[in-house]
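Everything below belongs to run.txt, which stores compact mmCIF, C-alpha atoms (C1' of nucleotides).
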```txt
# COMPACT_ATOMS: atom_id res chain seq x y z
CA MET A 12 -96.96 -67.07 28.32
CA ILE A 13 -100.68 -67.09 28.59
CA PHE A 14 -102.76 -65.25 31.16
CA ASN A 15 -103.06 -67.91 33.82
CA GLU A 16 -99.35 -68.78 33.68
CA ILE A 17 -98.28 -65.16 34.10
CA LEU A 18 -100.77 -64.74 36.92
CA ILE A 19 -99.85 -67.84 38.88
CA SER A 20 -96.16 -67.11 38.42
CA TRP A 21 -96.72 -63.65 39.90
CA TYR A 22 -98.72 -65.17 42.76
CA SER A 23 -96.06 -67.70 43.69
CA VAL A 24 -93.71 -64.81 44.44
CA ASN A 25 -96.10 -62.21 45.84
CA LYS A 26 -98.76 -64.05 47.85
CA ARG A 27 -99.39 -62.86 51.39
CA ASP A 28 -99.33 -65.31 54.25
CA LEU A 29 -102.94 -65.13 55.44
CA PRO A 30 -104.37 -67.38 58.15
CA TRP A 31 -107.04 -68.96 55.92
CA ARG A 32 -104.37 -69.90 53.39
CA ASN A 33 -102.92 -72.53 55.69
CA THR A 34 -105.98 -74.75 55.39
CA SER A 35 -108.50 -76.12 52.93
CA GLU A 36 -110.96 -77.07 55.66
CA PRO A 37 -114.37 -75.91 54.39
CA TYR A 38 -115.45 -74.44 57.74
CA TYR A 39 -112.50 -72.07 57.86
CA ILE A 40 -112.63 -71.19 54.17
CA TRP A 41 -116.37 -70.54 54.38
CA LEU A 42 -115.92 -68.43 57.51
CA SER A 43 -113.17 -66.35 55.90
CA GLU A 44 -115.15 -65.86 52.69
CA ILE A 45 -118.26 -64.62 54.50
CA ILE A 46 -116.19 -62.21 56.58
CA LEU A 47 -114.36 -60.94 53.50
CA GLN A 48 -117.50 -60.14 51.48
CA GLN A 49 -117.27 -56.42 50.69
CA THR A 50 -114.58 -56.22 53.35
CA GLN A 51 -110.86 -55.64 53.00
CA VAL A 52 -108.45 -58.21 54.39
CA LYS A 53 -107.06 -55.70 56.87
CA GLN A 54 -110.49 -55.04 58.32
CA GLY A 55 -111.67 -58.66 58.34
CA MET A 56 -108.53 -60.28 59.74
CA PRO A 57 -109.11 -59.59 63.47
CA TYR A 58 -112.70 -60.77 63.15
CA TYR A 59 -111.58 -64.01 61.52
CA GLU A 60 -109.11 -64.62 64.33
CA ALA A 61 -111.77 -63.89 66.94
CA PHE A 62 -114.31 -66.23 65.37
CA VAL A 63 -111.81 -69.06 65.01
CA ALA A 64 -110.76 -68.66 68.64
CA GLU A 65 -114.33 -68.48 69.92
CA PHE A 66 -115.82 -71.09 67.58
CA PRO A 67 -113.13 -73.62 66.54
CA SER A 68 -115.66 -75.85 64.78
CA VAL A 69 -118.96 -75.44 62.97
CA PHE A 70 -120.62 -77.15 65.93
CA ASP A 71 -119.35 -74.48 68.32
CA LEU A 72 -120.76 -71.78 66.06
CA ALA A 73 -124.04 -73.65 65.64
CA ASN A 74 -124.48 -74.02 69.40
CA ALA A 75 -123.90 -70.33 70.13
CA ASP A 76 -126.70 -67.83 70.67
CA GLU A 77 -127.28 -65.39 67.83
CA SER A 78 -126.66 -62.54 70.27
CA HIS A 79 -123.19 -63.94 70.89
CA VAL A 80 -122.48 -64.14 67.15
CA LEU A 81 -123.73 -60.61 66.56
CA LYS A 82 -121.64 -59.26 69.43
CA LEU A 83 -118.52 -60.78 67.91
CA TRP A 84 -119.54 -59.39 64.50
CA GLN A 85 -120.11 -55.91 65.96
CA GLY A 86 -118.41 -53.21 63.90
CA LEU A 87 -117.93 -55.29 60.77
CA GLY A 88 -121.18 -54.18 59.14
CA TYR A 89 -123.63 -55.90 56.79
CA TYR A 90 -125.09 -57.75 59.73
CA SER A 91 -127.21 -60.07 57.61
CA ARG A 92 -123.92 -61.86 57.01
CA ALA A 93 -123.71 -62.71 60.70
CA ARG A 94 -127.30 -63.89 60.90
CA ASN A 95 -126.91 -66.02 57.76
CA LEU A 96 -123.56 -67.31 59.01
CA HIS A 97 -125.20 -68.56 62.18
CA ALA A 98 -128.19 -70.05 60.34
CA THR A 99 -125.92 -71.90 57.93
CA ALA A 100 -123.73 -73.19 60.77
CA LYS A 101 -126.81 -74.63 62.45
CA TYR A 102 -127.93 -76.19 59.17
CA VAL A 103 -124.54 -77.77 58.45
CA ALA A 104 -124.06 -78.97 62.02
CA ASN A 105 -127.53 -80.36 62.55
CA GLU A 106 -128.67 -81.48 59.10
CA LEU A 107 -125.37 -82.39 57.43
CA ASN A 108 -123.51 -83.81 60.43
CA GLY A 109 -121.07 -80.92 60.28
CA LYS A 110 -119.94 -81.67 56.73
CA PHE A 111 -120.13 -78.83 54.22
CA PRO A 112 -121.52 -79.50 50.72
CA GLY A 113 -118.77 -80.34 48.22
CA THR A 114 -120.11 -78.86 45.00
CA TYR A 115 -120.76 -75.33 43.69
CA LYS A 116 -124.41 -76.13 43.12
CA GLU A 117 -125.00 -77.40 46.64
CA LEU A 118 -122.94 -74.65 48.26
CA LEU A 119 -125.04 -72.05 46.45
CA LYS A 120 -128.09 -73.19 48.39
CA LEU A 121 -126.59 -72.13 51.73
CA LYS A 122 -127.84 -68.88 53.23
CA GLY A 123 -125.38 -66.05 52.63
CA VAL A 124 -123.55 -67.98 49.92
CA GLY A 125 -123.89 -66.55 46.41
CA ASP A 126 -122.05 -67.10 43.17
CA TYR A 127 -118.76 -65.68 44.38
CA THR A 128 -118.60 -67.55 47.69
CA ALA A 129 -119.79 -70.86 46.25
CA SER A 130 -117.14 -70.60 43.54
CA ALA A 131 -114.44 -69.73 46.07
CA ILE A 132 -115.22 -72.60 48.44
CA ALA A 133 -115.68 -75.14 45.63
CA SER A 134 -112.31 -74.25 44.12
CA ILE A 135 -110.26 -73.78 47.28
CA CYS A 136 -111.64 -76.75 49.20
CA PHE A 137 -112.64 -79.19 46.47
CA ASN A 138 -110.48 -78.20 43.51
CA ALA A 139 -113.49 -77.44 41.32
CA PRO A 140 -112.85 -75.24 38.25
CA THR A 141 -115.35 -72.55 39.26
CA ALA A 142 -114.06 -69.05 38.57
CA VAL A 143 -114.65 -66.32 41.14
CA VAL A 144 -115.69 -62.82 40.13
CA ASP A 145 -115.25 -60.24 42.85
CA GLY A 146 -114.31 -56.57 42.78
CA ASN A 147 -110.68 -57.44 42.15
CA VAL A 148 -111.48 -59.71 39.22
CA TYR A 149 -113.66 -57.04 37.61
CA ARG A 150 -110.83 -54.54 37.85
CA VAL A 151 -108.03 -56.80 36.61
CA LEU A 152 -109.94 -58.24 33.67
CA SER A 153 -111.52 -54.96 32.59
CA ARG A 154 -108.07 -53.35 32.44
CA VAL A 155 -106.04 -56.16 30.91
CA PHE A 156 -108.67 -56.96 28.27
CA GLY A 157 -110.04 -53.42 27.88
CA ILE A 158 -113.63 -54.34 28.62
CA ASP A 159 -115.87 -51.31 29.14
CA THR A 160 -119.12 -53.09 29.90
CA PRO A 161 -120.31 -51.64 33.23
CA ILE A 162 -119.53 -54.17 35.93
CA ASN A 163 -122.65 -53.49 37.98
CA THR A 164 -125.08 -54.67 35.31
CA THR A 165 -126.41 -58.09 34.42
CA ALA A 166 -124.60 -58.00 31.07
CA GLY A 167 -121.33 -57.07 32.76
CA ASN A 168 -121.70 -59.75 35.38
CA LYS A 169 -122.27 -62.42 32.73
CA GLU A 170 -119.44 -61.20 30.49
CA PHE A 171 -116.82 -61.11 33.23
CA LYS A 172 -117.95 -64.41 34.70
CA ALA A 173 -117.63 -66.05 31.29
CA LEU A 174 -114.17 -64.56 30.71
CA ALA A 175 -112.91 -65.62 34.13
CA GLN A 176 -114.28 -69.10 33.53
CA GLU A 177 -112.46 -69.18 30.19
CA LEU A 178 -109.18 -68.08 31.72
CA ILE A 179 -109.15 -70.25 34.83
CA ASP A 180 -106.41 -72.85 35.17
CA VAL A 181 -108.50 -76.00 35.43
CA LYS A 182 -105.53 -77.88 36.83
CA ASN A 183 -105.18 -75.45 39.70
CA PRO A 184 -108.38 -73.46 40.19
CA ALA A 185 -107.68 -72.73 43.85
CA ASN A 186 -104.41 -70.99 43.02
CA PHE A 187 -105.83 -69.19 40.00
CA ASN A 188 -108.78 -67.76 41.91
CA GLN A 189 -106.71 -66.60 44.83
CA ALA A 190 -104.00 -65.28 42.53
CA ILE A 191 -106.28 -63.02 40.50
CA MET A 192 -107.85 -61.60 43.64
CA GLU A 193 -104.49 -61.09 45.29
CA PHE A 194 -103.18 -59.38 42.18
CA GLY A 195 -106.13 -57.01 42.16
CA ALA A 196 -105.89 -56.33 45.88
CA THR A 197 -102.17 -55.61 46.07
CA HIS A 198 -100.92 -54.71 42.59
CA CYS A 199 -103.70 -53.75 40.15
CA THR A 200 -105.26 -51.48 42.77
CA PRO A 201 -108.13 -49.01 42.23
CA LYS A 202 -105.85 -45.99 42.76
CA ASN A 203 -102.20 -45.83 41.74
CA PRO A 204 -101.73 -49.36 40.41
CA ASP A 205 -98.10 -50.39 40.04
CA CYS A 206 -98.09 -50.53 36.25
CA PRO A 207 -94.31 -50.20 35.74
CA THR A 208 -93.68 -53.56 37.41
CA CYS A 209 -96.83 -55.26 36.17
CA PRO A 210 -96.35 -58.66 34.50
CA PHE A 211 -99.16 -57.80 32.09
CA ILE A 212 -97.68 -54.47 31.02
CA ASN A 213 -97.26 -55.52 27.38
CA LYS A 214 -100.68 -57.08 27.20
CA CYS A 215 -102.82 -54.66 29.21
CA VAL A 216 -105.23 -52.82 26.90
CA ALA A 217 -106.08 -50.10 29.40
CA TYR A 218 -102.43 -49.36 30.15
CA ASN A 219 -101.41 -49.19 26.51
CA ASP A 220 -104.36 -46.90 25.77
CA ARG A 221 -103.35 -44.71 28.75
CA LYS A 222 -106.80 -45.32 30.21
CA ILE A 223 -106.09 -47.21 33.40
CA SER A 224 -108.06 -44.76 35.52
CA LEU A 225 -111.15 -45.28 33.37
CA TYR A 226 -111.44 -48.98 34.22
CA PRO A 227 -113.48 -50.69 35.42
CA VAL A 228 -116.56 -48.90 34.10
CA LYS A 229 -119.29 -48.68 36.67
CA LEU A 230 -122.73 -47.07 36.67
CA LYS A 231 -122.98 -44.32 39.25
CA ALA A 232 -124.55 -45.11 42.58
CA ASN A 233 -127.43 -43.09 43.96
CA LYS A 234 -126.56 -40.38 46.41
CA ALA A 235 -126.95 -41.20 50.07
CA LYS A 236 -130.09 -39.92 51.77
CA ARG A 237 -129.84 -37.74 54.84
CA LYS A 238 -131.56 -38.94 57.98
CA PHE A 239 -131.86 -37.32 61.38
CA PHE A 240 -131.49 -39.66 64.34
CA ASN A 241 -132.12 -38.70 67.96
CA PHE A 242 -131.09 -41.32 70.52
CA LEU A 243 -132.51 -41.07 74.04
CA VAL A 244 -129.96 -42.02 76.66
CA LEU A 245 -132.01 -42.54 79.79
CA LEU A 246 -130.30 -42.28 83.17
CA SER A 247 -132.49 -43.50 86.02
CA SER A 248 -132.27 -43.15 89.77
CA ASN A 249 -131.48 -46.88 89.99
CA ASN A 250 -128.55 -46.61 87.54
CA GLN A 251 -130.28 -48.15 84.57
CA THR A 252 -130.81 -47.15 80.95
CA ILE A 253 -132.82 -48.55 78.06
CA LEU A 254 -131.61 -50.44 75.03
CA GLU A 255 -134.07 -51.68 72.45
CA GLN A 256 -133.53 -54.36 69.82
CA ARG A 257 -134.07 -53.28 66.21
CA LEU A 258 -136.54 -55.72 64.67
CA GLY A 259 -138.06 -55.80 61.22
CA LYS A 260 -136.35 -54.63 58.07
CA GLY A 261 -133.76 -51.95 57.50
CA ILE A 262 -130.33 -51.27 58.88
CA TRP A 263 -128.83 -52.91 61.95
CA GLN A 264 -131.39 -55.70 62.11
CA ASN A 265 -131.37 -57.47 65.52
CA LEU A 266 -128.78 -55.10 66.97
CA TYR A 267 -129.52 -52.94 70.01
CA GLN A 268 -129.76 -49.17 70.31
CA PHE A 269 -130.98 -46.45 72.64
CA PRO A 270 -134.62 -45.52 72.00
CA LEU A 271 -134.64 -43.71 68.67
CA ILE A 272 -136.67 -40.79 67.45
CA GLU A 273 -136.17 -40.08 63.76
CA THR A 274 -137.09 -36.57 62.65
CA LYS A 275 -137.48 -34.78 59.33
CA SER A 276 -134.81 -32.25 60.20
CA SER A 277 -132.31 -31.43 62.92
CA MET A 278 -134.03 -31.12 66.30
CA GLY A 279 -133.50 -28.15 68.61
CA PHE A 280 -133.57 -28.38 72.38
CA ASN A 281 -137.03 -26.91 72.98
CA ASP A 282 -138.70 -28.98 70.29
CA MET A 283 -137.12 -32.13 71.64
CA GLU A 284 -138.14 -31.34 75.19
CA ALA A 285 -141.72 -30.75 74.12
CA LEU A 286 -141.73 -33.93 72.09
CA LEU A 287 -140.40 -35.98 75.00
CA LYS A 288 -143.12 -34.74 77.37
CA ARG A 289 -145.57 -36.50 75.07
CA HIS A 290 -143.38 -39.58 74.56
CA ASP A 291 -144.57 -42.98 75.80
CA LEU A 292 -141.31 -43.73 77.59
CA LEU A 293 -141.55 -40.56 79.69
CA ARG A 294 -145.25 -40.11 80.27
CA ASN A 295 -145.93 -38.87 83.81
CA ARG A 296 -142.23 -38.71 84.63
CA SER A 297 -140.16 -35.64 85.33
CA PHE A 298 -136.82 -35.46 83.59
CA GLU A 299 -133.91 -33.18 82.93
CA LEU A 300 -132.84 -33.00 79.29
CA SER A 301 -129.40 -32.19 77.95
CA LEU A 302 -127.73 -32.60 74.58
CA TYR A 303 -124.54 -34.68 74.70
CA ASN A 304 -123.11 -33.59 71.35
CA ARG A 305 -123.83 -30.03 70.27
CA ASP A 306 -122.62 -30.79 66.77
CA GLU A 307 -124.28 -33.71 65.09
CA VAL A 308 -122.34 -36.91 64.66
CA ILE A 309 -122.45 -37.70 60.95
CA HIS A 310 -122.36 -41.45 60.48
CA LYS A 311 -121.96 -42.42 56.85
CA LEU A 312 -123.38 -45.64 55.47
CA SER A 313 -123.43 -46.61 51.81
CA HIS A 314 -126.98 -45.37 51.22
CA GLN A 315 -127.65 -43.16 54.22
CA HIS A 316 -125.94 -40.35 56.06
CA LEU A 317 -127.13 -40.31 59.64
CA TYR A 318 -127.09 -36.92 61.36
CA THR A 319 -127.15 -38.03 64.94
CA LYS A 320 -127.77 -36.41 68.31
CA PHE A 321 -127.50 -38.17 71.67
CA TRP A 322 -129.96 -36.71 74.18
CA ILE A 323 -129.28 -37.34 77.85
CA VAL A 324 -132.54 -37.81 79.73
CA LYS A 325 -131.93 -37.77 83.48
CA LEU A 326 -134.76 -39.17 85.57
CA ASP A 327 -135.36 -38.79 89.30
CA SER A 328 -137.34 -42.03 89.21
CA SER A 329 -136.40 -45.67 88.66
CA ILE A 330 -137.00 -47.76 85.56
CA ASN A 331 -136.90 -51.44 84.69
CA GLY A 332 -134.12 -51.40 82.12
CA ILE A 333 -130.48 -52.38 81.71
CA ASP A 334 -127.89 -51.81 84.41
CA TYR A 335 -125.09 -49.43 83.42
CA ASN A 336 -122.57 -52.22 83.98
CA ASP A 337 -124.29 -54.47 81.42
CA VAL A 338 -124.56 -52.01 78.55
CA LYS A 339 -121.42 -53.25 76.83
CA GLN A 340 -122.70 -56.82 76.60
CA TYR A 341 -125.12 -55.96 73.82
CA ALA A 342 -124.33 -55.94 70.11
CA VAL A 343 -124.82 -52.36 68.94
CA PRO A 344 -124.02 -50.39 65.77
CA ILE A 345 -120.55 -48.91 65.86
CA LEU A 346 -122.17 -45.46 66.04
CA ILE A 347 -123.72 -46.45 69.39
CA ASP A 348 -120.59 -48.25 70.55
CA LYS A 349 -118.49 -45.13 70.09
CA PHE A 350 -120.92 -43.15 72.21
CA ILE A 351 -120.95 -45.83 74.94
CA GLU A 352 -117.15 -45.88 75.05
CA ALA A 353 -116.96 -42.09 75.25
CA PHE A 354 -119.82 -41.63 77.71
CA ASN A 355 -118.43 -44.23 80.10
CA PHE A 356 -121.54 -45.12 82.09
C1' DA B 18 -133.03 -54.58 36.88
C1' DA B 19 -132.77 -51.70 41.03
C1' DT B 20 -132.25 -51.16 45.63
C1' DC B 21 -130.77 -52.14 50.15
C1' DC B 22 -127.33 -53.37 53.49
C1' DG B 23 -121.78 -51.05 57.19
C1' DG B 24 -117.85 -49.43 58.23
C1' DG B 25 -113.07 -48.24 57.32
C1' DG B 26 -109.64 -46.39 54.31
C1' DC B 27 -107.98 -43.78 50.50
C1' DC B 28 -107.62 -39.69 47.70
C1' DG C 16 -117.07 -35.40 49.22
C1' DG C 17 -116.68 -39.71 46.16
C1' DC C 18 -115.12 -44.26 45.54
C1' DC C 19 -113.70 -48.95 46.83
C1' DC C 20 -113.75 -53.29 49.32
C1' DA C 21 -112.29 -61.56 48.58
C1' DG C 22 -121.19 -59.73 47.58
C1' DG C 23 -125.91 -61.44 48.75
C1' DA C 24 -130.80 -60.89 49.42
C1' DT C 25 -134.89 -58.70 48.36
C1' DT C 26 -138.24 -56.35 45.65
```

Take the structure I supplied and represent it as structure tokens, if you would.
Amino acid sequence: MIFNEILISWYSVNKRDLPWRNTSEPYYIWLSEIILQQTQVKQGMPYYEAFVAEFPSVFDLANADESHVLKLWQGLGYYSRARNLHATAKYVANELNGKFPGTYKELLKLKGVGDYTASAIASICFNAPTAVVDGNVYRVLSRVFGIDTPINTTAGNKEFKALAQELIDVKNPANFNQAIMEFGATHCTPKNPDCPTCPFINKCVAYNDRKISLYPVKLKANKAKRKFFNFLVLLSSNNQTILEQRLGKGIWQNLYQFPLIETKSSMGFNDMEALLKRHDLLRNRSFELSLYNRDEVIHKLSHQHLYTKFWIVKLDSSINGIDYNDVKQYAVPILIDKFIEAFNF
DNA sequence: AATCCGGGGCC
DNA sequence: GGCCCAGGATT
């Protein structure tokens, strides 16, 4: 048997029953693919269910406020996906009468849709022979064919895309694409792949060279930078606090947070108190400062490690901010959400 | 071609 | 602590 026959045969027996596999409606496939970018099925599943329930059609999503979309996306990360999701929904609903483009080339023009997602939608919804290359495909193909070109390079991207395109079953691209990803996700896993029961055991170059753990080859990522975040949790005499929206570039764009002071190193109590006496928010106000978490909360992102302190700033005066009861309505980074849940305003 | 962008899970 | 995940946009 050749590659695609072995693969699809394996898939017919081992495929999981996932909610987006019961449809080929472009809206649902697109929604699932955006959610699943750099996100495992287990993590994305509840978000998919929530979005489908809240926004059953592309028009419902298009008519929502971005704040509503971001709140539903809260905790999933890579928030540009949510902003692009909403922008594309508005474009499809308003400019295309709710009908998604039907070709790879046209799909690629949508915000938040790159080579992978355009290939996935084109194949699953429109039966186009466009091969997907995601993290699973890199792993499966690099092992089976013994390809040591680093996957996170332009050369690697081109090589694996070409190989996948060569291997795809043009009579059933939807099944082939989903099969190779499913195989990578559940069988040919990064750690402890189930080689003894693998249908490619006789063919797999990496296995037969005893080099499974060396594939795929990937150039090392840069080490995460340390940052020191100090959030100011204001408590006013009229039971209000302050949340600010993060605008501009950088992490957590358009999400809300407590007023943030970033410092070069970990801040002690006296230094923070002195700094706050000169701070715009607290000018000419008396306050009582306390540190909520003596040990820093270390929040790890891909490229940053955030050493975080939450400072409680109790005022004896009133402010024009957000009522304690409304704090949970705002989309916030999960780091902030965990504090809000624990602090219990 | 490099870098940025989350958060959870695994080892 | 390092690595991975149904990647895309920006510089």

Write out as CSV a residue-level contact list of chain A versus chain C with cut-off 8 Å: for each qualifying residue the closest pair of atoms and the distance in Å to one decimal, counting only C-alpha atoms (C1' of nucleotides), rows sorted by chain and residue number upward.
```
residue,atom,partner,partner_atom,distance
A:Glu44,CA,C:DA21,C1',6.6
A:Leu47,CA,C:DA21,C1',5.4
A:Gln48,CA,C:DG22,C1',5.4
A:Gln49,CA,C:DC20,C1',4.9
A:Thr50,CA,C:DC20,C1',5.1
A:Gln51,CA,C:DC20,C1',5.2
A:Val52,CA,C:DA21,C1',7.7
A:Gly123,CA,C:DG23,C1',6.0
A:Val124,CA,C:DG23,C1',7.1
A:Gly125,CA,C:DG23,C1',6.0
A:Tyr127,CA,C:DG22,C1',7.2
A:Asp145,CA,C:DA21,C1',6.6
A:Gly146,CA,C:DC20,C1',7.3
A:Asn147,CA,C:DA21,C1',7.8
A:Met192,CA,C:DA21,C1',6.6
A:Pro201,CA,C:DC19,C1',7.2
```

What residues in chain B lie within 7 Å of chain A, counting all atoms listed in the file, written as a list in words? DC22, DG23 and DG24 of chain B

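Neighbouring residues of A:Pro204 at 12 Å or closer, counting all atoms listed in the file and skipping chain neighbours under 2 positions away, are Arg150, Val151, Arg154, Phe194, Gly195, Ala196, Thr197, His198, Cys199, Thr200, Pro201, Lys202, Cys206, Pro207, Thr208, Cys209, Ile212, Ala217, Tyr218, Ile223, Ser224 and Tyr226 of chain A.
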
Provide the atom CA of A:Leu302 to atom CA of A:Arg237 distance in Å, to one decimal place.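 Distance between the two atoms: 20.5 Å.
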
Quote the spacing between atom CA of A:Phe171 and atom CA of A:Pro37 in Å to one decimal place. 25.9 Å

Quick one: everything within 8 Å of A:Val216, counting only C-alpha atoms (C1' of nucleotides), minus sequence neighbours fewer than 2 positions away in the same chain. Send it as a PyMOL selection string. chain A and resi 154-157+214+218-220

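When atom CA of A:Thr274 is paired with atom CA of A:Lys339, their separation reads 26.9 Å.
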
Which residues, written as a list of chain:residue names, have at least one atom at most 12 Å from A:Ser277, with all atoms listed in the file counted and residues fewer than 6 positions away on the same chain left out?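 Selected residues are A:Arg237, A:Lys238, A:Phe239, A:Phe240, A:Asn241, A:Met283, A:Arg305, A:Asp306, A:Glu307, A:Val308, A:Ile309, A:Leu317, A:Tyr318, A:Thr319, A:Lys320.
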
Compile the contact shell of A:Ala129 as a PyMOL selection string: residues with an atom at most 6 Å away, counting all atoms listed in the file, same-chain residues fewer than 6 positions apart removed. chain A and resi 115+118-119
